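Structure below is my_file.cif: mmCIF, C-alpha atoms.
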```cif
data_run
#
loop_
_atom_site.group_PDB
_atom_site.id
_atom_site.type_symbol
_atom_site.label_atom_id
_atom_site.label_comp_id
_atom_site.auth_asym_id
_atom_site.auth_seq_id
_atom_site.Cartn_x
_atom_site.Cartn_y
_atom_site.Cartn_z
ATOM 1 C CA MET N 788 1.267 -44.060 -21.569
ATOM 2 C CA ASN N 789 -1.751 -42.222 -20.155
ATOM 3 C CA THR N 790 -4.352 -41.862 -22.924
ATOM 4 C CA ALA N 791 -6.840 -39.712 -20.960
ATOM 5 C CA HIS N 792 -6.632 -36.009 -21.715
ATOM 6 C CA LEU N 793 -4.941 -33.773 -19.200
ATOM 7 C CA SER N 794 -7.141 -31.776 -16.890
ATOM 8 C CA ASP N 795 -7.276 -28.004 -17.169
ATOM 9 C CA GLU N 796 -5.359 -27.761 -13.920
ATOM 10 C CA GLU N 797 -2.564 -29.997 -15.216
ATOM 11 C CA ILE N 798 -2.311 -27.975 -18.400
ATOM 12 C CA GLN N 799 -2.162 -24.697 -16.469
ATOM 13 C CA LEU N 800 0.519 -26.161 -14.238
ATOM 14 C CA PHE N 801 2.466 -27.331 -17.268
ATOM 15 C CA VAL N 802 2.332 -23.909 -18.918
ATOM 16 C CA ALA N 803 2.995 -21.941 -15.729
ATOM 17 C CA ASN N 804 5.791 -24.100 -14.444
ATOM 18 C CA LEU N 805 7.276 -26.683 -16.756
ATOM 19 C CA SER N 806 9.511 -28.113 -14.063
ATOM 20 C CA ALA N 807 6.528 -28.871 -11.832
ATOM 21 C CA ALA N 808 4.708 -30.876 -14.519
ATOM 22 C CA SER N 809 4.732 -34.628 -14.133
ATOM 23 C CA SER N 810 6.604 -36.777 -16.646
ATOM 24 C CA SER N 811 3.361 -38.548 -17.587
ATOM 25 C CA ALA N 812 1.853 -35.177 -18.514
ATOM 26 C CA THR N 813 4.897 -34.377 -20.637
ATOM 27 C CA ASP N 814 4.713 -37.785 -22.324
ATOM 28 C CA HIS N 815 1.008 -37.352 -23.013
ATOM 29 C CA LEU N 816 1.522 -33.907 -24.527
ATOM 30 C CA ALA N 817 4.086 -35.301 -26.924
ATOM 31 C CA VAL N 818 1.405 -37.382 -28.635
ATOM 32 C CA CYS N 819 -1.924 -35.651 -27.935
ATOM 33 C CA THR N 820 -2.921 -32.908 -30.374
ATOM 34 C CA HIS N 821 -5.947 -31.864 -28.326
ATOM 35 C CA CYS N 822 -3.940 -31.227 -25.146
ATOM 36 C CA SER N 823 -1.128 -29.581 -27.122
ATOM 37 C CA GLU N 824 -3.679 -27.159 -28.539
ATOM 38 C CA GLN N 825 -4.865 -26.414 -25.012
ATOM 39 C CA VAL N 826 -1.264 -25.748 -23.994
ATOM 40 C CA ALA N 827 -0.841 -23.400 -26.949
ATOM 41 C CA LEU N 828 -4.056 -21.632 -26.002
ATOM 42 C CA TYR N 829 -2.921 -21.145 -22.420
ATOM 43 C CA ARG N 830 0.482 -19.962 -23.613
ATOM 44 C CA SER N 831 -1.108 -17.303 -25.782
ATOM 45 C CA LEU N 832 -3.376 -16.408 -22.869
ATOM 46 C CA PHE N 833 -0.472 -15.986 -20.424
ATOM 47 C CA LYS N 834 1.440 -13.953 -22.992
ATOM 48 C CA ALA N 835 -1.576 -11.742 -23.660
ATOM 49 C CA ILE N 836 -2.126 -11.131 -19.942
ATOM 50 C CA ALA N 837 1.522 -10.181 -19.477
ATOM 51 C CA GLU N 838 1.248 -7.784 -22.426
ATOM 52 C CA GLN N 839 -1.770 -5.958 -21.038
ATOM 53 C CA GLU N 840 -1.376 -2.209 -20.811
ATOM 54 C CA ILE N 841 -0.068 -1.034 -17.441
ATOM 55 C CA PRO N 842 -2.517 1.480 -15.970
ATOM 56 C CA VAL N 843 -1.246 4.876 -14.863
ATOM 57 C CA PHE N 844 -2.933 7.682 -12.995
ATOM 58 C CA ASP N 845 -3.474 10.698 -15.217
ATOM 59 C CA VAL N 846 -2.525 13.020 -12.358
ATOM 60 C CA ASP N 847 0.684 13.676 -10.484
ATOM 61 C CA MET N 848 -0.138 11.454 -7.553
ATOM 62 C CA SER N 849 2.813 12.491 -5.410
ATOM 63 C CA ALA N 850 1.968 16.198 -5.807
ATOM 64 C CA LEU N 851 -1.675 15.508 -4.954
ATOM 65 C CA VAL N 852 -0.792 13.506 -1.878
ATOM 66 C CA LEU N 853 1.980 15.806 -0.634
ATOM 67 C CA ALA N 854 -0.437 18.733 -0.812
ATOM 68 C CA GLN N 855 -2.731 16.877 1.580
ATOM 69 C CA LEU N 856 -0.172 15.718 4.099
ATOM 70 C CA PRO N 857 -0.750 17.282 7.505
ATOM 71 C CA VAL N 858 1.291 20.434 7.862
ATOM 72 C CA TYR N 859 3.140 20.636 11.103
ATOM 73 C CA LYS N 860 4.529 24.041 11.885
ATOM 74 C CA GLU N 861 7.801 23.817 13.639
ATOM 75 C CA LYS N 862 6.955 24.533 17.222
ATOM 76 C CA LYS N 863 9.343 27.022 18.739
ATOM 77 C CA SER N 864 10.567 26.303 22.182
ATOM 78 C CA LEU N 865 8.613 28.352 24.684
ATOM 79 C CA TRP N 866 10.818 27.984 27.698
ATOM 80 C CA VAL N 867 13.181 30.878 26.903
ATOM 81 C CA PRO N 868 10.451 33.541 26.687
ATOM 82 C CA VAL N 869 8.667 31.995 29.672
ATOM 83 C CA ILE N 870 11.782 32.190 31.853
ATOM 84 C CA PHE N 871 12.378 35.727 30.633
ATOM 85 C CA ILE N 872 8.835 36.712 31.616
ATOM 86 C CA ILE N 873 9.156 34.989 34.994
ATOM 87 C CA CYS N 874 12.451 36.788 35.662
ATOM 88 C CA CYS N 875 10.967 40.133 34.644
ATOM 89 C CA PHE N 876 7.956 39.508 36.828
ATOM 90 C CA ALA N 877 10.108 38.438 39.766
ATOM 91 C CA GLY N 878 12.384 41.444 39.232
ATOM 92 C CA ALA N 879 9.422 43.811 39.130
ATOM 93 C CA VAL N 880 7.942 42.287 42.286
ATOM 94 C CA LEU N 881 11.299 42.535 44.061
ATOM 95 C CA TYR N 882 11.724 46.116 42.954
ATOM 96 C CA ILE N 883 8.219 47.232 43.897
ATOM 97 C CA PHE N 884 8.217 45.488 47.237
ATOM 98 C CA ARG N 885 11.912 45.977 47.937
ATOM 99 C CA GLN N 886 11.221 47.859 51.204
ATOM 100 C CA ASN N 887 8.991 45.083 52.451
ATOM 101 C CA PHE N 888 11.487 42.410 51.432
ATOM 102 C CA LEU N 889 14.315 44.248 53.136
ATOM 103 C CA MET N 890 12.231 44.447 56.269
ATOM 104 C CA ILE N 891 11.492 40.739 56.127
ATOM 105 C CA LEU N 892 15.035 39.769 55.315
ATOM 106 C CA SER N 893 16.610 42.046 57.935
ATOM 107 C CA GLY N 894 15.039 39.942 60.631
ATOM 108 C CA SER N 895 15.808 36.599 59.119
ATOM 109 C CA SER N 896 18.915 34.543 58.717
ATOM 110 C CA LEU N 897 20.940 33.859 55.591
ATOM 111 C CA VAL N 898 19.609 30.308 55.608
ATOM 112 C CA PHE N 899 16.079 31.634 55.131
ATOM 113 C CA LEU N 900 17.238 33.734 52.195
ATOM 114 C CA LEU N 901 19.006 30.837 50.549
ATOM 115 C CA ALA N 902 16.023 28.562 51.129
ATOM 116 C CA GLY N 903 13.763 31.060 49.398
ATOM 117 C CA LEU N 904 16.154 31.362 46.498
ATOM 118 C CA ALA N 905 16.450 27.576 46.201
ATOM 119 C CA GLY N 906 12.672 27.265 46.213
ATOM 120 C CA PHE N 907 12.395 29.817 43.430
ATOM 121 C CA ILE N 908 15.036 28.031 41.348
ATOM 122 C CA ALA N 909 13.287 24.684 41.949
ATOM 123 C CA VAL N 910 9.956 26.058 40.746
ATOM 124 C CA VAL N 911 11.597 27.472 37.614
ATOM 125 C CA ALA N 912 13.439 24.167 36.980
ATOM 126 C CA ILE N 913 10.231 22.115 37.367
ATOM 127 C CA ARG N 914 8.423 24.458 35.038
ATOM 128 C CA ILE N 915 11.216 24.214 32.428
ATOM 129 C CA ASN N 916 11.178 20.434 32.685
ATOM 130 C CA ALA N 917 7.405 20.313 32.201
ATOM 131 C CA LEU N 918 7.626 22.574 29.164
ATOM 132 C CA TYR N 919 10.428 20.465 27.678
ATOM 133 C CA LYS N 920 8.410 17.263 28.168
ATOM 134 C CA LYS N 921 5.412 18.864 26.478
ATOM 135 C CA PHE N 922 7.608 19.963 23.607
ATOM 136 C CA ARG N 923 8.980 16.396 23.127
ATOM 137 C CA TYR N 924 5.464 14.992 23.282
ATOM 138 C CA ASN N 925 4.313 17.365 20.563
ATOM 139 C CA CYS N 926 7.284 16.348 18.391
ATOM 140 C CA ASN N 927 6.363 12.668 18.707
ATOM 141 C CA LEU N 928 2.762 13.363 17.815
ATOM 142 C CA ILE N 929 3.786 14.698 14.450
ATOM 143 C CA TYR N 930 4.781 11.270 13.150
ATOM 144 C CA MET B 741 23.826 -8.656 -0.825
ATOM 145 C CA ASN B 742 20.651 -10.125 -2.298
ATOM 146 C CA ALA B 743 17.864 -8.136 -3.919
ATOM 147 C CA GLN B 744 15.481 -8.582 -0.985
ATOM 148 C CA ASN B 745 17.978 -7.076 1.464
ATOM 149 C CA HIS B 746 18.672 -4.246 -0.931
ATOM 150 C CA TYR B 747 14.958 -3.427 -1.170
ATOM 151 C CA ASN B 748 14.560 -3.628 2.599
ATOM 152 C CA GLN B 749 17.517 -1.315 3.157
ATOM 153 C CA GLN B 750 16.196 1.180 0.643
ATOM 154 C CA ASP B 751 12.718 0.963 2.185
ATOM 155 C CA GLN B 752 14.167 1.483 5.641
ATOM 156 C CA GLN B 753 16.144 4.541 4.569
ATOM 157 C CA LEU B 754 13.118 6.105 2.906
ATOM 158 C CA VAL B 755 10.842 5.397 5.864
ATOM 159 C CA GLU B 756 13.375 6.874 8.299
ATOM 160 C CA MET B 757 13.660 9.997 6.146
ATOM 161 C CA VAL B 758 9.873 10.393 6.049
ATOM 162 C CA LEU B 759 9.631 9.920 9.803
ATOM 163 C CA LYS B 760 12.217 12.674 10.223
ATOM 164 C CA GLY B 761 9.957 14.980 8.260
ATOM 165 C CA ASP B 762 11.325 14.657 4.727
ATOM 166 C CA ALA B 763 8.226 14.952 2.544
ATOM 167 C CA GLN B 764 10.260 14.407 -0.613
ATOM 168 C CA ALA B 765 11.177 10.953 0.654
ATOM 169 C CA PHE B 766 7.483 10.174 0.789
ATOM 170 C CA ALA B 767 7.168 11.463 -2.788
ATOM 171 C CA ARG B 768 9.835 8.896 -3.729
ATOM 172 C CA ILE B 769 7.873 6.168 -1.975
ATOM 173 C CA ILE B 770 4.827 7.185 -4.013
ATOM 174 C CA LYS B 771 6.832 7.083 -7.255
ATOM 175 C CA ASN B 772 8.237 3.652 -6.363
ATOM 176 C CA THR B 773 4.868 2.132 -5.541
ATOM 177 C CA GLU B 774 2.517 4.017 -7.865
ATOM 178 C CA ARG B 775 2.500 1.300 -10.540
ATOM 179 C CA LEU B 776 1.480 -1.430 -8.111
ATOM 180 C CA VAL B 777 -1.134 0.751 -6.425
ATOM 181 C CA ALA B 778 -2.518 1.665 -9.860
ATOM 182 C CA GLN B 779 -2.675 -2.003 -10.835
ATOM 183 C CA VAL B 780 -4.695 -2.829 -7.728
ATOM 184 C CA VAL B 781 -6.940 0.242 -7.833
ATOM 185 C CA PHE B 782 -7.631 0.036 -11.579
ATOM 186 C CA LYS B 783 -8.531 -3.633 -11.348
ATOM 187 C CA MET B 784 -10.769 -3.198 -8.321
ATOM 188 C CA ILE B 785 -12.494 0.105 -9.119
ATOM 189 C CA ARG B 786 -14.125 1.091 -12.403
ATOM 190 C CA ASN B 787 -14.841 4.794 -11.962
ATOM 191 C CA THR B 788 -11.921 7.070 -12.857
ATOM 192 C CA GLU B 789 -12.653 9.718 -10.234
ATOM 193 C CA ASP B 790 -13.109 7.123 -7.520
ATOM 194 C CA ARG B 791 -9.768 5.595 -8.478
ATOM 195 C CA LYS B 792 -7.980 8.901 -7.907
ATOM 196 C CA ASP B 793 -9.690 9.495 -4.581
ATOM 197 C CA ILE B 794 -8.956 5.977 -3.396
ATOM 198 C CA ALA B 795 -5.313 6.156 -4.438
ATOM 199 C CA GLN B 796 -4.884 9.392 -2.482
ATOM 200 C CA ASP B 797 -6.607 7.803 0.476
ATOM 201 C CA VAL B 798 -4.236 4.838 0.240
ATOM 202 C CA TYR B 799 -1.161 7.047 0.438
ATOM 203 C CA LEU B 800 -2.562 9.188 3.227
ATOM 204 C CA LYS B 801 -3.257 6.026 5.212
ATOM 205 C CA ALA B 802 0.244 4.779 4.466
ATOM 206 C CA TYR B 803 1.736 8.076 5.635
ATOM 207 C CA LYS B 804 -0.310 8.062 8.798
ATOM 208 C CA ASN B 805 0.665 4.495 9.675
ATOM 209 C CA LEU B 806 4.243 4.550 8.428
ATOM 210 C CA SER B 807 5.701 4.585 11.937
ATOM 211 C CA GLY B 808 3.950 1.252 12.505
ATOM 212 C CA PHE B 809 5.567 -0.412 9.470
ATOM 213 C CA ARG B 810 7.815 -3.181 10.776
ATOM 214 C CA PHE B 811 9.693 -4.158 7.565
ATOM 215 C CA GLU B 812 8.327 -7.687 7.731
ATOM 216 C CA ALA B 813 7.362 -7.311 4.072
ATOM 217 C CA LYS B 814 8.475 -5.044 1.251
ATOM 218 C CA LEU B 815 7.150 -1.497 1.601
ATOM 219 C CA SER B 816 5.467 -1.840 -1.808
ATOM 220 C CA THR B 817 3.663 -4.997 -0.645
ATOM 221 C CA TRP B 818 2.497 -3.210 2.505
ATOM 222 C CA ILE B 819 1.186 -0.241 0.511
ATOM 223 C CA ALA B 820 -0.458 -2.589 -2.019
ATOM 224 C CA GLN B 821 -2.143 -4.321 0.926
ATOM 225 C CA ILE B 822 -3.512 -0.952 2.067
ATOM 226 C CA ALA B 823 -4.686 -0.330 -1.511
ATOM 227 C CA TYR B 824 -6.406 -3.724 -1.738
ATOM 228 C CA ASN B 825 -8.138 -3.335 1.629
ATOM 229 C CA THR B 826 -9.181 0.244 0.863
ATOM 230 C CA CYS B 827 -10.700 -0.865 -2.454
ATOM 231 C CA LEU B 828 -12.408 -3.823 -0.816
ATOM 232 C CA GLY B 829 -13.836 -1.528 1.873
ATOM 233 C CA TRP B 830 -15.042 0.864 -0.796
ATOM 234 C CA LEU B 831 -16.689 -1.929 -2.800
ATOM 235 C CA GLU B 832 -18.336 -3.320 0.302
ATOM 236 C CA LYS B 833 -19.596 0.125 1.196
ATOM 237 C CA LYS B 834 -21.073 0.498 -2.269
ATOM 238 C CA LYS B 835 -22.305 -3.112 -2.138
ATOM 239 C CA LEU B 836 -20.494 -3.837 -5.390
ATOM 240 C CA ILE B 837 -19.140 -7.254 -4.508
ATOM 241 C CA LEU B 838 -21.422 -10.008 -5.642
ATOM 242 C CA SER B 839 -20.887 -12.748 -3.117
ATOM 243 C CA GLY B 840 -20.734 -16.214 -4.582
ATOM 244 C CA ASP B 841 -20.334 -14.901 -8.097
ATOM 245 C CA LEU B 842 -16.739 -13.903 -8.265
ATOM 246 C CA GLU B 843 -16.105 -14.860 -11.874
ATOM 247 C CA SER B 844 -18.693 -12.958 -13.844
ATOM 248 C CA PHE B 845 -18.815 -9.430 -12.546
ATOM 249 C CA HIS B 846 -19.574 -7.038 -15.363
ATOM 250 C CA ALA B 847 -21.974 -7.957 -18.089
ATOM 251 C CA ILE B 848 -19.978 -7.083 -21.165
ATOM 252 C CA PRO B 849 -21.574 -8.404 -24.346
ATOM 253 C CA ASP B 850 -19.640 -10.987 -26.354
ATOM 254 C CA ASP B 851 -19.683 -8.614 -29.341
ATOM 255 C CA THR B 852 -16.987 -6.601 -27.617
ATOM 256 C CA ILE B 853 -14.746 -9.609 -27.835
ATOM 257 C CA ILE B 854 -15.652 -10.644 -31.352
ATOM 258 C CA LYS B 855 -14.929 -7.233 -32.868
ATOM 259 C CA ASN B 856 -11.365 -7.263 -31.550
ATOM 260 C CA LYS B 857 -9.089 -9.374 -33.680
ATOM 261 C CA ASN B 858 -5.936 -9.511 -31.584
ATOM 262 C CA THR B 859 -5.568 -11.719 -28.564
ATOM 263 C CA PRO B 860 -4.476 -9.026 -26.026
ATOM 264 C CA ALA B 861 -7.591 -7.004 -26.871
ATOM 265 C CA ILE B 862 -9.806 -10.070 -26.490
ATOM 266 C CA ILE B 863 -8.155 -10.851 -23.175
ATOM 267 C CA ALA B 864 -8.478 -7.227 -22.021
ATOM 268 C CA ALA B 865 -12.223 -7.416 -22.591
ATOM 269 C CA SER B 866 -12.420 -10.812 -20.897
ATOM 270 C CA ILE B 867 -10.430 -9.607 -17.893
ATOM 271 C CA GLU B 868 -12.872 -6.707 -17.559
ATOM 272 C CA ARG B 869 -15.630 -9.264 -17.133
ATOM 273 C CA LEU B 870 -13.926 -10.891 -14.170
ATOM 274 C CA SER B 871 -14.691 -9.909 -10.604
ATOM 275 C CA PRO B 872 -12.426 -7.258 -9.009
ATOM 276 C CA VAL B 873 -10.684 -9.871 -6.866
ATOM 277 C CA PHE B 874 -10.018 -12.207 -9.805
ATOM 278 C CA LYS B 875 -8.785 -9.325 -11.951
ATOM 279 C CA THR B 876 -6.392 -8.259 -9.219
ATOM 280 C CA LEU B 877 -5.050 -11.771 -8.686
ATOM 281 C CA ILE B 878 -4.479 -12.312 -12.412
ATOM 282 C CA THR B 879 -2.693 -8.975 -12.672
ATOM 283 C CA LEU B 880 -0.486 -9.477 -9.633
ATOM 284 C CA TYR B 881 0.551 -12.963 -10.698
ATOM 285 C CA HIS B 882 0.952 -12.584 -14.454
ATOM 286 C CA GLN B 883 1.806 -8.924 -14.948
ATOM 287 C CA GLU B 884 3.572 -8.038 -11.729
ATOM 288 C CA GLU B 885 5.091 -11.539 -11.516
ATOM 289 C CA MET B 886 4.450 -11.785 -7.804
ATOM 290 C CA SER B 887 4.815 -14.982 -5.842
ATOM 291 C CA TYR B 888 1.880 -16.645 -4.131
ATOM 292 C CA ALA B 889 3.323 -15.522 -0.776
ATOM 293 C CA GLU B 890 3.401 -11.888 -1.895
ATOM 294 C CA ILE B 891 -0.171 -12.109 -3.197
ATOM 295 C CA VAL B 892 -1.240 -13.661 0.096
ATOM 296 C CA GLY B 893 0.485 -10.741 1.853
ATOM 297 C CA ILE B 894 -1.481 -8.209 -0.173
ATOM 298 C CA THR B 895 -4.904 -9.820 -0.260
ATOM 299 C CA GLY B 896 -4.914 -11.680 3.030
ATOM 300 C CA LEU B 897 -6.460 -14.657 1.232
ATOM 301 C CA PRO B 898 -5.248 -18.162 2.091
ATOM 302 C CA GLU B 899 -2.699 -19.498 -0.414
ATOM 303 C CA GLY B 900 -5.091 -22.280 -1.424
ATOM 304 C CA SER B 901 -7.766 -19.725 -2.294
ATOM 305 C CA VAL B 902 -5.286 -17.657 -4.299
ATOM 306 C CA LYS B 903 -4.314 -20.723 -6.349
ATOM 307 C CA SER B 904 -7.908 -21.820 -6.792
ATOM 308 C CA TYR B 905 -9.121 -18.333 -7.802
ATOM 309 C CA LEU B 906 -6.220 -17.985 -10.232
ATOM 310 C CA PHE B 907 -7.076 -21.336 -11.785
ATOM 311 C CA ARG B 908 -10.733 -20.376 -12.174
ATOM 312 C CA ALA B 909 -9.891 -16.962 -13.565
ATOM 313 C CA ARG B 910 -7.464 -18.409 -16.154
ATOM 314 C CA LYS B 911 -9.972 -21.061 -17.159
ATOM 315 C CA SER B 912 -12.660 -18.445 -17.592
ATOM 316 C CA LEU B 913 -10.303 -16.348 -19.751
ATOM 317 C CA LYS B 914 -9.279 -19.392 -21.792
ATOM 318 C CA ASP B 915 -12.917 -20.321 -22.397
ATOM 319 C CA ASP B 916 -13.575 -16.781 -23.610
ATOM 320 C CA LEU B 917 -10.591 -16.979 -25.923
ATOM 321 C CA LEU B 918 -11.698 -20.362 -27.233
ATOM 322 C CA ARG B 919 -15.238 -19.098 -27.798
ATOM 323 C CA HIS B 920 -13.856 -16.186 -29.748
ATOM 324 C CA TYR B 921 -11.651 -18.379 -31.937
ATOM 325 C CA LYS B 922 -14.548 -20.737 -32.635
ATOM 326 C CA LYS B 923 -16.817 -17.856 -33.610
ATOM 327 C CA GLU B 924 -14.096 -16.510 -35.886
ATOM 328 C CA GLU B 925 -13.872 -19.878 -37.624
ATOM 329 C CA LEU B 926 -17.589 -19.908 -38.417
#
```
So, in terms of structure tokens, how does the structure I just supplied come out?
Amino acid sequence: MNTAHLSDEEIQLFVANLSAASSSATDHLAVCTHCSEQVALYRSLFKAIAEQEIPVFDVDMSALVLAQLPVYKEKKSLWVPVIFIICCFAGAVLYIFRQNFLMILSGSSLVFLLAGLAGFIAVVAIRINALYKKFRYNCNLIY
Amino acid sequence: MNAQNHYNQQDQQLVEMVLKGDAQAFARIIKNTERLVAQVVFKMIRNTEDRKDIAQDVYLKAYKNLSGFRFEAKLSTWIAQIAYNTCLGWLEKKKLILSGDLESFHAIPDDTIIKNKNTPAIIAASIERLSPVFKTLITLYHQEEMSYAEIVGITGLPEGSVKSYLFRARKSLKDDLLRHYKKEEL
């Protein structure tokens, strides 16, 4: 049997995890009053630590934090009003300069007319796509 | 399904809800983790007002970085890690960490201990005398019943250091307790 007292580390290990303690430590504790007292002291220490008051914040933390979270206003899609404005503008231009357009178009082929129309649609489509991409980017930035 | 998976699933659901814009889900995350954050903040920081400010800062940081959370640890562990690092940063900024003297941090006279008859009160006073890091480790291990791995996850300290600091902290507390009992006997 080991007659030397157990080290503080061995006693802590014994108290914290009985299964991890060596059999020689267990044998020694069975006969040594000094080490048994140390074990009792550590046991009361561990118990007292576990019984310590749990601290709580004296404010409603979630309310405080939620009030500070960045507010993101739902961004409304802009492409509908933009297209509406573009159409109005194009309509106004066509109406105002209708005589000039008729003069231009009277001398040109149908292909030229369709090409112009296709170009206009392409510009509108590119613009819509760019606005949509910007909208998605803004959504991702929120979180 | 084991408990770990259950926690992860619940964490994942809450995080997804927050990322979709559900602020109430974040309020639930706060409720779920408030105890652990309070344990860390109260052990690291002494001033009441500073504690509140730091705790708010912790949650704002968590909210800001939530999309980067990869579920490699429990959400509570991740938030506790933010809390620990925020407190450490604050202490460093205020130059309140005494390097090389981690055990004795606050000079609380022994009379405080002697006047209190019950062991938890003696221990409470003794814990107050420990350094912020030691206090936190003792609390996480003994009160929150965390594993060494979880404590390592929160503090970023090597496991060997966690074990060594815990040993030194317990020994210091035991010596205080012993001193008190001896004085009581006289």
**Request:** Take the point (-4.2, -2.6, -5.8) in the file's coordinates, draw a sphere of radius 12 Å around it, and report as a PyMOL selection string every protein, DNA or RNA residue with an atom inside or on it, counting all atoms listed in the file.
**Result:** (chain N and resi 842) or (chain B and resi 773-785+791+794-795+798-799+816-828+872-880+884+891+894-895)
Quick one: which chain N residues come within 12 Å of chain B, and what is the nearest atom pair for each with the distance in Å to one decimal, counting only C-alpha atoms, rows ordered by chain and ascending number, as CSV?
```
residue,atom,partner,partner_atom,distance
N:Ser794,CA,B:Lys911,CA,11.1
N:Asp795,CA,B:Lys911,CA,7.4
N:Glu796,CA,B:Phe907,CA,7.0
N:Glu797,CA,B:Phe907,CA,10.4
N:Ile798,CA,B:Lys911,CA,10.4
N:Gln799,CA,B:Phe907,CA,7.6
N:Leu800,CA,B:Phe907,CA,9.3
N:Val802,CA,B:Arg910,CA,11.6
N:Ala803,CA,B:His882,CA,9.7
N:Glu824,CA,B:Leu918,CA,10.6
N:Gln825,CA,B:Lys914,CA,8.9
N:Val826,CA,B:Lys914,CA,10.5
N:Ala827,CA,B:Lys914,CA,10.7
N:Leu828,CA,B:Lys914,CA,7.1
N:Tyr829,CA,B:Lys914,CA,6.6
N:Arg830,CA,B:Lys914,CA,9.9
N:Ser831,CA,B:Thr859,CA,7.7
N:Leu832,CA,B:Lys914,CA,6.7
N:Phe833,CA,B:His882,CA,7.0
N:Lys834,CA,B:Pro860,CA,8.3
N:Ala835,CA,B:Pro860,CA,4.6
N:Ile836,CA,B:His882,CA,6.5
N:Ala837,CA,B:Gln883,CA,4.7
N:Glu838,CA,B:Pro860,CA,6.9
N:Gln839,CA,B:Pro860,CA,6.5
N:Glu840,CA,B:Ala864,CA,8.8
N:Ile841,CA,B:Gln779,CA,7.2
N:Pro842,CA,B:Ala778,CA,6.1
N:Val843,CA,B:Ala778,CA,6.1
N:Phe844,CA,B:Ala778,CA,6.8
N:Asp845,CA,B:Lys792,CA,8.8
N:Val846,CA,B:Lys792,CA,8.2
N:Asp847,CA,B:Lys771,CA,9.6
N:Met848,CA,B:Gln796,CA,7.2
N:Ser849,CA,B:Ala767,CA,5.2
N:Ala850,CA,B:Ala767,CA,7.7
N:Leu851,CA,B:Gln796,CA,7.3
N:Val852,CA,B:Gln796,CA,5.8
N:Leu853,CA,B:Ala763,CA,7.1
N:Ala854,CA,B:Ala763,CA,10.0
N:Gln855,CA,B:Leu800,CA,7.9
N:Leu856,CA,B:Leu800,CA,7.0
N:Pro857,CA,B:Lys804,CA,9.3
N:Val858,CA,B:Gly761,CA,10.2
N:Tyr859,CA,B:Gly761,CA,9.3
N:Lys860,CA,B:Gly761,CA,11.2
N:Glu861,CA,B:Gly761,CA,10.6
N:Cys926,CA,B:Lys760,CA,10.2
N:Asn927,CA,B:Leu759,CA,9.9
N:Leu928,CA,B:Lys804,CA,10.9
N:Ile929,CA,B:Gly761,CA,8.7
N:Tyr930,CA,B:Leu759,CA,6.0
```
**Asked** In Å, how far is it from atom CA of B:Asn772 to atom CA of B:Lys814?
**Response** 11.6 Å
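The space separating atom CA of B:Gly893 from atom CA of B:Leu815 comes to 11.4 Å.
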**Asked** With distances taken over all atoms listed in the file, which of B:Glu899, B:Ala765, B:Asp916, B:Lys834 is nearest to B:Ala865?
**Response**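 The closest residue to B:Ala865 is B:Asp916.
Across the structure, atom CA of B:Ala813 and atom CA of B:Asp790 are spaced 27.6 Å apart.
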Extract stretch 792-802 of chain B from the structure I just pasted (atoms: N, CA and C atoms) and return it as a PDB file, in the first residue's frame.
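Just written: part.pdb:
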```
ATOM      1  N   LYS B 792     -24.015  45.027 -19.166  1.00  0.00           N
ATOM      2  CA  LYS B 792     -25.181  45.172 -20.063  1.00  0.00           C
ATOM      3  C   LYS B 792     -24.734  45.557 -21.462  1.00  0.00           C
ATOM      4  N   ASP B 793     -23.838  46.534 -21.519  1.00  0.00           N
ATOM      5  CA  ASP B 793     -23.362  47.009 -22.830  1.00  0.00           C
ATOM      6  C   ASP B 793     -22.660  45.889 -23.586  1.00  0.00           C
ATOM      7  N   ILE B 794     -21.840  45.146 -22.855  1.00  0.00           N
ATOM      8  CA  ILE B 794     -21.083  44.063 -23.503  1.00  0.00           C
ATOM      9  C   ILE B 794     -22.020  42.965 -23.987  1.00  0.00           C
ATOM     10  N   ALA B 795     -23.009  42.636 -23.165  1.00  0.00           N
ATOM     11  CA  ALA B 795     -23.953  41.583 -23.570  1.00  0.00           C
ATOM     12  C   ALA B 795     -24.703  41.993 -24.846  1.00  0.00           C
ATOM     13  N   GLN B 796     -25.106  43.251 -24.911  1.00  0.00           N
ATOM     14  CA  GLN B 796     -25.781  43.725 -26.130  1.00  0.00           C
ATOM     15  C   GLN B 796     -24.846  43.643 -27.336  1.00  0.00           C
ATOM     16  N   ASP B 797     -23.614  44.035 -27.090  1.00  0.00           N
ATOM     17  CA  ASP B 797     -22.599  43.988 -28.144  1.00  0.00           C
ATOM     18  C   ASP B 797     -22.405  42.553 -28.642  1.00  0.00           C
ATOM     19  N   VAL B 798     -22.415  41.633 -27.698  1.00  0.00           N
ATOM     20  CA  VAL B 798     -22.241  40.203 -28.037  1.00  0.00           C
ATOM     21  C   VAL B 798     -23.344  39.768 -28.995  1.00  0.00           C
ATOM     22  N   TYR B 799     -24.586  40.101 -28.655  1.00  0.00           N
ATOM     23  CA  TYR B 799     -25.700  39.651 -29.488  1.00  0.00           C
ATOM     24  C   TYR B 799     -25.745  40.374 -30.841  1.00  0.00           C
ATOM     25  N   LEU B 800     -25.336  41.627 -30.832  1.00  0.00           N
ATOM     26  CA  LEU B 800     -25.306  42.341 -32.121  1.00  0.00           C
ATOM     27  C   LEU B 800     -24.237  41.736 -33.033  1.00  0.00           C
ATOM     28  N   LYS B 801     -23.111  41.353 -32.429  1.00  0.00           N
ATOM     29  CA  LYS B 801     -22.060  40.700 -33.214  1.00  0.00           C
ATOM     30  C   LYS B 801     -22.553  39.350 -33.733  1.00  0.00           C
ATOM     31  N   ALA B 802     -23.258  38.634 -32.861  1.00  0.00           N
ATOM     32  CA  ALA B 802     -23.776  37.320 -33.258  1.00  0.00           C
ATOM     33  C   ALA B 802     -24.757  37.472 -34.426  1.00  0.00           C
TER      34      ALA B 802
END
```
